[in-house]
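Engineer: Can you keep this structure in mind? I'll have questions shortly.
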There are 2 protein chains.
Amino acid sequence: MRATIYDIAREAGVSIATVSKVINHKGKISADKRREIFAIMERLQYQPSRIASALTGKHTYTLGLLIPDIANPFFAEVARSVEDRGHELGYSIIICSTDNRDERIAQYLAVLRQKQVDGIIIGTGLSSTEVLGELSRTTPAVVIGREVPSVEVHTVVADDRYGGRLAAEHLLANGHRRVGVLVEQLGIVSSRERLRGFRERLAEAQVELPETALRECSYRIEDGKRQAAHLLAAADRPTALFCCNDLLAVGALQAAREAGVDVPRQLSIISFDNTILANVTDPPLTAIAQPMARLGAAAVDLLMEEFGHEPTVKRRIALRTELIVRASTAAVT
Amino acid sequence: MRATIYDIAREAGVSIATVSKVINHKGKISADKRREIFAIMERLQYQPSRIASALTGKHTYTLGLLIPDIANPFFAEVARSVEDRGHELGYSIIICSTDNRDERIAQYLAVLRQKQVDGIIIGTGLSSTEVLGELSRTTPAVVIGREVPSVEVHTVVADDRYGGRLAAEHLLANGHRRVGVLVEQLGIVSSRERLRGFRERLAEAQVELPETALRECSYRIEDGKRQAAHLLAAADRPTALFCCNDLLAVGALQAAREAGVDVPRQLSIISFDNTILANVTDPPLTAIAQPMARLGAAAVDLLMEEFGHEPTVKRRIALRTELIVRASTAAVT
DNA sequence: CTGAAAGCGCTTACAG
DNA sequence: CTGAAAGCGCTTACAG
């Protein structure tokens, strides 16, 4: 059997209350006693039971991370940063891949409640804003990578609109005037914002984005490929494509290859996210980088704020996106 | 405050023992009472506290997953399958990215002990086989993706040696006789096994793999690139390269591009793993596929076996690898 | 079929 | 500075 606080107390000839205080660096314990108790803990390989201490009303030191899919490189990178920041602060992370399906979301939410996680980071769509409202009232929560303006909740996002502007600016600077866009579902705010920023910047340069040049996609490579193929088949085919995530850009690259369209000589492609995929394609993708590492860390930090006792004003943090120029874009010829 | 078992018992006019039995489908409870109690739980939005039930000596329904890095696509895909199989069976997964660093491993192991996870899946190198031996004696554990022959522990691996054979066979069938290899650190058994299978099959065809054509790498793209560049610079440059994982293959692809060597016309590249990366490169990579989804699920299933009461004979499961032909390999010209 | 009671391993006032 | 005791929310023999 593993040692308990009673074993330590007995060995040390003190009460369990004293041992508890030593473990938690609380109260005043004489230095000698403290040293001795630590030595005994060491010797008996004692690890305090988080289960028991959680039951006493303290924290579980566990956070839940709801994302669409941990196998998606974007979310995997975000998860890594959540994990790292959490680990630094003594928290473990339970991963919950929801596939954006209501059923899975509900199941995971129930599990996280049963396990009494100290907080939840939500990077997935939720079935309804009510669910989110309810949730954030009972558990510290922060939404990451998307916006739910109707609900009072901490939010960490990339500055999508600005990112969209950056993308447009880069294409304009390269002389592109006939551009197309592959957006992820427009129901998602971040998707709309990217498009909005992109359009705005185009408009400032008197460039128009015709409705026919805008294709809505899911987040799958094949879908990006199919939609890009449509755009490339048009008579007045665009000279540049803005893809709202790396998966779509990969699809666009594949479509171009199949259509015999050279990237970047005949078609520039600019992506959004900047996951490892952007580094791996040929040509590597020029992309608007989301600060994935900082997104995750900021989400954890907001959660920590929420653990304080005073009710906090809900904050919204927008982290800067950044243009990373690689080889998939070039000047129009 | 959230409802407890006492609230339910009071409402229903029964003892908490009865409620407990209803929750756990244990003992005999009259159907009427059961229905009523369920209704009350529903009404009060009661969720039993896993914390409390874990303290009573039952399971925590939590598993730990130790991997080098959740942001690595291979491990992300494995993690997803561990998560899914775990979820089906009612278990949550705590992710632990170790970066293969002893310090992080030790910290995570301590955390997992404190949280009393029911089992641990180990997909990372451990500081020593003693640590693993010790661990597997105190906690149900299964090693995934690597072998530790000296320790009696459940193991799930891909059939690396067979995979190596498949790779060699494919290259031979395409007429290649001068081949090079990028291996991941040879200290890792799976890496050695891939190489062994590859060599064996070559030998059967009277083809030799000179020592100079074998380059040891870390698991980083840049390293693969650098080592591949070496091979490509040689006078008797190989016509085909076997890369022991997708990251290295991506590096090799980049080196070939920089050296002006056309893949697959002048150089065939065959990879190992078959993560999303293999789909995304240009040309897409011919690869030996590891059954990532089945690896994770099998690991969870072995853990479940271990939860039974009788001591189990430790098993070793080797899952078949498979050749996926894409466009990075071709017949020698 | 149902319940009283002990116990899981801690923390937290409270008293000294 | 230290300890006795209650309590966290369950489960599990055991008794009826």
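Within each chain, counting starts at residue 1; across the structure tokens, chains are named A, B, ... in the order shown, with ligands numbered 1 upward in that order.
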Can you pull out the residues contacting DT12 in chain C? Cut-off 10 Å, using only C-alpha atoms (C1' of nucleotides), and skip same-chain residues under 4 positions away; I want them as a list in words.

Structural biologist: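 Near neighbours after the sequence-gap exclusion: Ala17, Thr56 and Gly57 of chain A; DA6 and DG7 of chain D.
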
Engineer: Can you work out which residues from chain C touch chain B at a cut-off of 12 Å (counting only C-alpha atoms (C1' of nucleotides)) and hand them back as a list in words?

Structural biologist: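 My answer is DC1, DT2, DG3, DA4, DA5, DA6, DG7, DC8, DG9 and DC10 of chain C.
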
Engineer: Let's see if you can do this: from backbone DSSP, list all alpha helix (DSSP H) residues in range 59-155 of chain B, as a ChimeraX atom specification.

Structural biologist: /B:73-88,102-114,129-138

Engineer: Find the residues of chain B that sit at most 7 Å from chain A; for each, write down the nearest two atoms and how far apart they are in Å, to one decimal. Count only C-alpha atoms. Sort by chain, then by number going up, and give it as a tab-separated table.

Structural biologist:
```
residue	atom	partner	partner_atom	distance
B:Gln47	CA	A:Gln114	CA	5.8
B:Pro48	CA	A:Gln114	CA	6.0
B:Ser49	CA	A:Gln114	CA	5.0
B:Arg50	CA	A:Lys115	CA	5.3
B:Ile51	CA	A:Ile51	CA	5.8
B:Ala52	CA	A:Leu55	CA	6.2
B:Leu55	CA	A:Ile51	CA	6.2
B:Ile70	CA	A:Arg80	CA	6.0
B:Ala71	CA	A:Ala76	CA	4.8
B:Pro73	CA	A:Pro73	CA	6.4
B:Ala76	CA	A:Ala71	CA	4.8
B:Glu77	CA	A:Ala71	CA	4.8
B:Arg80	CA	A:Ala71	CA	5.9
B:Ser92	CA	A:Ile94	CA	6.5
B:Ile93	CA	A:Ile94	CA	5.4
B:Ile94	CA	A:Ile94	CA	4.6
B:Ile95	CA	A:Ile93	CA	6.2
B:Gln114	CA	A:Ser49	CA	5.0
B:Lys115	CA	A:Arg50	CA	5.3
B:Val250	CA	A:Val280	CA	6.5
B:Leu277	CA	A:Leu277	CA	6.9
B:Val280	CA	A:Thr281	CA	5.8
B:Thr281	CA	A:Thr281	CA	4.6
B:Asp282	CA	A:Asp282	CA	5.3
```

Engineer: I need the residues in range 23-190 of chain B that are strand (DSSP E) according to DSSP; give them as a PyMOL selection string.

Structural biologist: chain B and resi 62-67+92-97+119-122+141-144+154-158+179-184

Engineer: As an exercise, work out the distance from CA of Arg146 in chain B to CA of Gly123 in chain B in Å and give it to one decimal place.

Structural biologist: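 CA of Gly123 in chain B lies 7.1 Å from CA of Arg146 in chain B.
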
Engineer: Take CA of Ile122 in chain A and CA of Glu306 in chain A and report the distance between them in Å, one decimal.

Structural biologist: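 A separation of 14.7 Å between them.
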
Engineer: Have a look at A:Val157, A:Ile188, A:Met304, A:Ala233 and name the one nearest to Gly145 in chain A; count only C-alpha atoms.

Structural biologist: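 Nearest to Gly145 in chain A: A:Val157.
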